[in-house]
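What follows is a short report on a single structure.
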Amino acid sequence: NFEKWKNEKYPISKQIKKITKSNYTAIENFQLVLNKDQINKNIINKKFQLIDARSEQRFLGLQLELRKELKSGNIKGSKNLPFLELVNIKEGRTFKKKDELIKIFKKRQILINQEMAFTCGSGVTACILGLANSIISGKKPVIYDGSWAEYGLE
């Protein structure tokens, strides 16, 4: 939100920067994206906490999934943290302050000093939880990209 940016005295400019072509080559980091087999192994070995960004009603299986082919519920052992709890809705959906994020994670019984990965309905809002955790811990987010769209097909 541009108004919030200005109110918080972040730099602004009227200059338009020229973008130049680069020879950058992206290298995929496979440690940051999990697959279903890794999620299933974690149910047994519990190496990381799996945090689900969906609404509590969807997580608990009390609300039907939007896709008819998906069952309701959650991945065994996962914890729920609806992504909307982490953002200021009235302030352009910006993240809450770091200390507020920490309180929200703790309230949801998420152990901040332990490894975690994030999931949701389709792999998109899991990234919001991942970014919030990066704000808290400085760690790169780990995402189960298949999320419930894949896992809920069982």
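In the structure tokens, chains take the letters A, B, ... in the order shown, each chain's residues start at 1, and ligands count up from 1 in the order shown.
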
Can I get the residues of segment 5-98 of chain A within 9 Å of segment 142-151 of chain A, each with the closest pair of atoms and their distance in Å to one decimal, using only C-alpha atoms, sorted chain first then ascending number, as a tab-separated table?
residue	atom	partner	partner_atom	distance
A:Gln31	CA	A:Val142	CA	7.3
A:Leu32	CA	A:Val142	CA	4.4
A:Val33	CA	A:Ile143	CA	5.0
A:Leu34	CA	A:Tyr144	CA	4.6
A:Asn35	CA	A:Tyr144	CA	6.1
A:Lys36	CA	A:Tyr151	CA	7.1
A:Gln38	CA	A:Tyr144	CA	8.9
A:Ile39	CA	A:Tyr144	CA	7.7
A:Leu50	CA	A:Tyr144	CA	8.8
A:Asp52	CA	A:Ser147	CA	8.7
A:Arg67	CA	A:Ala149	CA	8.2
A:Leu70	CA	A:Ala149	CA	7.0
A:Gly73	CA	A:Trp148	CA	8.9
A:Asn74	CA	A:Trp148	CA	7.5
A:Ile75	CA	A:Tyr151	CA	7.5

Written selection (all heavy atoms) as a CSV table (one decimal), in the first residue's frame:
chain,number,residue,atom,x,y,z
A,31,GLN,N,15.6,-28.0,-1.8
A,31,GLN,CA,15.4,-28.1,-0.4
A,31,GLN,C,14.3,-27.2,0.1
A,31,GLN,O,13.8,-27.3,1.2
A,31,GLN,CB,16.7,-27.8,0.4
A,31,GLN,CG,17.8,-28.8,0.1
A,31,GLN,CD,19.1,-28.4,0.8
A,31,GLN,OE1,19.3,-27.3,1.3
A,31,GLN,NE2,20.0,-29.3,0.9
A,32,LEU,N,13.9,-26.3,-0.7
A,32,LEU,CA,12.8,-25.3,-0.3
A,32,LEU,C,11.4,-25.7,-0.7
A,32,LEU,O,10.4,-25.1,-0.3
A,32,LEU,CB,13.1,-23.9,-0.9
A,32,LEU,CG,14.5,-23.3,-0.4
A,32,LEU,CD1,14.7,-21.9,-1.0
A,32,LEU,CD2,14.6,-23.2,1.1
A,33,VAL,N,11.3,-26.8,-1.6
A,33,VAL,CA,10.0,-27.2,-2.0
A,33,VAL,C,9.9,-28.7,-1.7
A,33,VAL,O,10.7,-29.5,-2.2
A,33,VAL,CB,9.8,-27.0,-3.5
A,33,VAL,CG1,8.4,-27.4,-4.0
A,33,VAL,CG2,10.0,-25.5,-3.8
A,34,LEU,N,8.9,-29.1,-0.9
A,34,LEU,CA,8.7,-30.5,-0.5
A,34,LEU,C,7.7,-31.2,-1.4
A,34,LEU,O,6.8,-30.5,-2.0
A,34,LEU,CB,8.3,-30.6,0.9
A,34,LEU,CG,9.2,-29.9,2.0
A,34,LEU,CD1,8.5,-30.0,3.3
A,34,LEU,CD2,10.5,-30.5,2.0
A,35,ASN,N,7.8,-32.5,-1.5
A,35,ASN,CA,6.8,-33.3,-2.2
A,35,ASN,C,6.0,-34.2,-1.2
A,35,ASN,O,6.3,-34.2,0.0
A,35,ASN,CB,7.5,-34.2,-3.3
A,35,ASN,CG,8.5,-35.2,-2.7
A,35,ASN,OD1,8.2,-35.8,-1.7
A,35,ASN,ND2,9.6,-35.3,-3.4
A,36,LYS,N,5.1,-34.9,-1.7
A,36,LYS,CA,4.1,-35.7,-0.9
A,36,LYS,C,4.9,-36.8,-0.1
A,36,LYS,O,4.5,-37.0,1.0
A,36,LYS,CB,3.0,-36.3,-1.8
A,36,LYS,CG,1.9,-36.9,-1.0
A,36,LYS,CD,0.8,-37.3,-1.9
A,36,LYS,CE,-0.3,-38.0,-1.2
A,36,LYS,NZ,-1.4,-38.5,-2.1
A,38,GLN,N,7.9,-36.7,1.0
A,38,GLN,CA,8.6,-36.1,2.2
A,38,GLN,C,7.6,-35.7,3.3
A,38,GLN,O,7.9,-35.8,4.5
A,38,GLN,CB,9.3,-34.8,1.7
A,38,GLN,CG,10.5,-35.1,0.8
A,38,GLN,CD,11.0,-33.9,0.1
A,38,GLN,OE1,10.3,-33.2,-0.6
A,38,GLN,NE2,12.3,-33.6,0.3
A,39,ILE,N,6.4,-35.3,2.9
A,39,ILE,CA,5.3,-35.0,3.9
A,39,ILE,C,4.9,-36.3,4.6
A,39,ILE,O,4.8,-36.3,5.9
A,39,ILE,CB,4.1,-34.3,3.2
A,39,ILE,CG1,4.5,-33.0,2.6
A,39,ILE,CG2,3.0,-34.2,4.2
A,39,ILE,CD1,5.1,-32.0,3.6
A,50,LEU,N,4.6,-29.0,10.3
A,50,LEU,CA,3.9,-28.6,9.1
A,50,LEU,C,2.8,-27.7,9.5
A,50,LEU,O,1.9,-28.1,10.3
A,50,LEU,CB,3.4,-29.9,8.4
A,50,LEU,CG,2.7,-29.6,7.1
A,50,LEU,CD1,3.7,-29.0,6.0
A,50,LEU,CD2,2.1,-30.9,6.5
A,52,ASP,N,-0.4,-25.2,8.3
A,52,ASP,CA,-1.4,-25.1,7.3
A,52,ASP,C,-2.0,-23.7,7.3
A,52,ASP,O,-2.5,-23.3,8.4
A,52,ASP,CB,-2.5,-26.2,7.5
A,52,ASP,CG,-3.4,-26.3,6.3
A,52,ASP,OD1,-3.8,-25.3,5.8
A,52,ASP,OD2,-3.8,-27.5,6.0
A,67,ARG,N,-13.0,-27.8,-4.3
A,67,ARG,CA,-12.8,-28.8,-5.4
A,67,ARG,C,-13.6,-30.1,-4.9
A,67,ARG,O,-13.2,-30.6,-3.9
A,67,ARG,CB,-11.4,-29.1,-5.7
A,67,ARG,CG,-10.6,-27.9,-6.2
A,67,ARG,CD,-9.1,-28.3,-6.3
A,67,ARG,NE,-8.3,-27.1,-6.5
A,67,ARG,CZ,-7.7,-26.5,-5.5
A,67,ARG,NH1,-7.9,-26.8,-4.3
A,67,ARG,NH2,-6.9,-25.4,-5.8
A,70,LEU,N,-11.8,-33.3,-3.6
A,70,LEU,CA,-10.9,-33.3,-2.4
A,70,LEU,C,-11.8,-33.7,-1.2
A,70,LEU,O,-12.9,-33.2,-1.0
A,70,LEU,CB,-10.3,-32.0,-2.2
A,70,LEU,CG,-9.4,-31.5,-3.3
A,70,LEU,CD1,-8.8,-30.1,-2.9
A,70,LEU,CD2,-8.2,-32.4,-3.5
A,73,GLY,N,-10.5,-31.9,5.6
A,73,GLY,CA,-9.6,-32.3,6.7
A,73,GLY,C,-8.2,-31.7,6.6
A,73,GLY,O,-8.0,-30.6,6.0
A,74,ASN,N,-7.2,-32.4,7.2
A,74,ASN,CA,-5.9,-31.8,7.2
A,74,ASN,C,-4.9,-33.0,7.2
A,74,ASN,O,-5.2,-34.2,7.3
A,74,ASN,CB,-5.6,-30.9,8.4
A,74,ASN,CG,-5.9,-31.7,9.7
A,74,ASN,OD1,-5.2,-32.6,10.1
A,74,ASN,ND2,-7.0,-31.3,10.4
A,75,ILE,N,-3.6,-32.6,7.0
A,75,ILE,CA,-2.5,-33.6,7.0
A,75,ILE,C,-2.2,-34.0,8.5
A,75,ILE,O,-2.0,-33.1,9.3
A,75,ILE,CB,-1.3,-33.1,6.3
A,75,ILE,CG1,-1.6,-32.8,4.8
A,75,ILE,CG2,-0.1,-34.0,6.4
A,75,ILE,CD1,-0.6,-32.0,4.1

Listing only residues of segment 55-147 of chain A within 12 Å of segment 5-10 of chain A, what is the closest atom pair and its distance in Å (to one decimal) for each, using only C-alpha atoms, sorted by chain and residue number ascending, as a Markdown table?
| residue | atom | partner | partner_atom | distance |
| --- | --- | --- | --- | --- |
| A:Glu91 | CA | A:Trp5 | CA | 10.3 |
| A:Gly92 | CA | A:Trp5 | CA | 10.2 |
| A:Thr94 | CA | A:Trp5 | CA | 10.2 |

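Reported to one decimal place, the separation of atom CA of Ser78 of chain A from atom CA of Ala117 of chain A is 9.7 Å.
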
Got a sec: who's within 9 Å of Met116 of chain A, counting only C-alpha atoms, leaving out chain neighbours fewer than 4 positions off, as a PDB file with N, CA and C atoms, in the first residue's frame?
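Written file, selection.pdb:
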ATOM      1  N   LYS A  47      10.425 -34.540  11.668  1.00  0.00           N
ATOM      2  CA  LYS A  47      11.630 -33.699  11.583  1.00  0.00           C
ATOM      3  C   LYS A  47      11.290 -32.213  11.536  1.00  0.00           C
ATOM      4  N   PHE A  48      10.085 -31.881  11.088  1.00  0.00           N
ATOM      5  CA  PHE A  48       9.675 -30.480  11.023  1.00  0.00           C
ATOM      6  C   PHE A  48       8.194 -30.355  11.335  1.00  0.00           C
ATOM      7  N   GLN A  49       7.804 -29.172  11.748  1.00  0.00           N
ATOM      8  CA  GLN A  49       6.400 -28.857  11.974  1.00  0.00           C
ATOM      9  C   GLN A  49       5.796 -28.493  10.618  1.00  0.00           C
ATOM     10  N   LEU A  50       4.609 -29.000  10.331  1.00  0.00           N
ATOM     11  CA  LEU A  50       3.914 -28.648   9.103  1.00  0.00           C
ATOM     12  C   LEU A  50       2.773 -27.709   9.473  1.00  0.00           C
ATOM     13  N   ILE A  51       2.801 -26.493   8.927  1.00  0.00           N
ATOM     14  CA  ILE A  51       1.842 -25.458   9.292  1.00  0.00           C
ATOM     15  C   ILE A  51       0.943 -25.176   8.096  1.00  0.00           C
ATOM     16  N   ILE A 110       3.128 -23.130  17.762  1.00  0.00           N
ATOM     17  CA  ILE A 110       4.171 -23.371  16.778  1.00  0.00           C
ATOM     18  C   ILE A 110       5.496 -23.009  17.439  1.00  0.00           C
ATOM     19  N   LEU A 111       6.411 -23.956  17.472  1.00  0.00           N
ATOM     20  CA  LEU A 111       7.698 -23.776  18.125  1.00  0.00           C
ATOM     21  C   LEU A 111       8.646 -23.070  17.158  1.00  0.00           C
ATOM     22  N   ILE A 112       8.903 -21.809  17.422  1.00  0.00           N
ATOM     23  CA  ILE A 112       9.643 -20.939  16.507  1.00  0.00           C
ATOM     24  C   ILE A 112      11.070 -21.420  16.276  1.00  0.00           C
ATOM     25  N   GLY A 130       5.280 -18.696   5.129  1.00  0.00           N
ATOM     26  CA  GLY A 130       6.729 -18.823   4.969  1.00  0.00           C
ATOM     27  C   GLY A 130       7.434 -17.491   5.069  1.00  0.00           C
ATOM     28  N   ASN A 133       7.413 -16.325   8.659  1.00  0.00           N
ATOM     29  CA  ASN A 133       8.451 -17.027   9.412  1.00  0.00           C
ATOM     30  C   ASN A 133       9.833 -16.477   9.076  1.00  0.00           C
ATOM     31  N   PRO A 141      11.874 -19.890   3.561  1.00  0.00           N
ATOM     32  CA  PRO A 141      10.688 -20.729   3.761  1.00  0.00           C
ATOM     33  C   PRO A 141      10.758 -22.037   2.978  1.00  0.00           C
ATOM     34  N   VAL A 142      10.200 -23.085   3.581  1.00  0.00           N
ATOM     35  CA  VAL A 142      10.083 -24.393   2.949  1.00  0.00           C
ATOM     36  C   VAL A 142       8.589 -24.639   2.730  1.00  0.00           C
TER      37      VAL A 142
END

Do you know which residues are at most 10 Å from Gln63 of chain A counting only C-alpha atoms, after dropping those on the same chain fewer than 6 positions away, and could you put them as a ChimeraX atom specification? /A:55-57,72-73
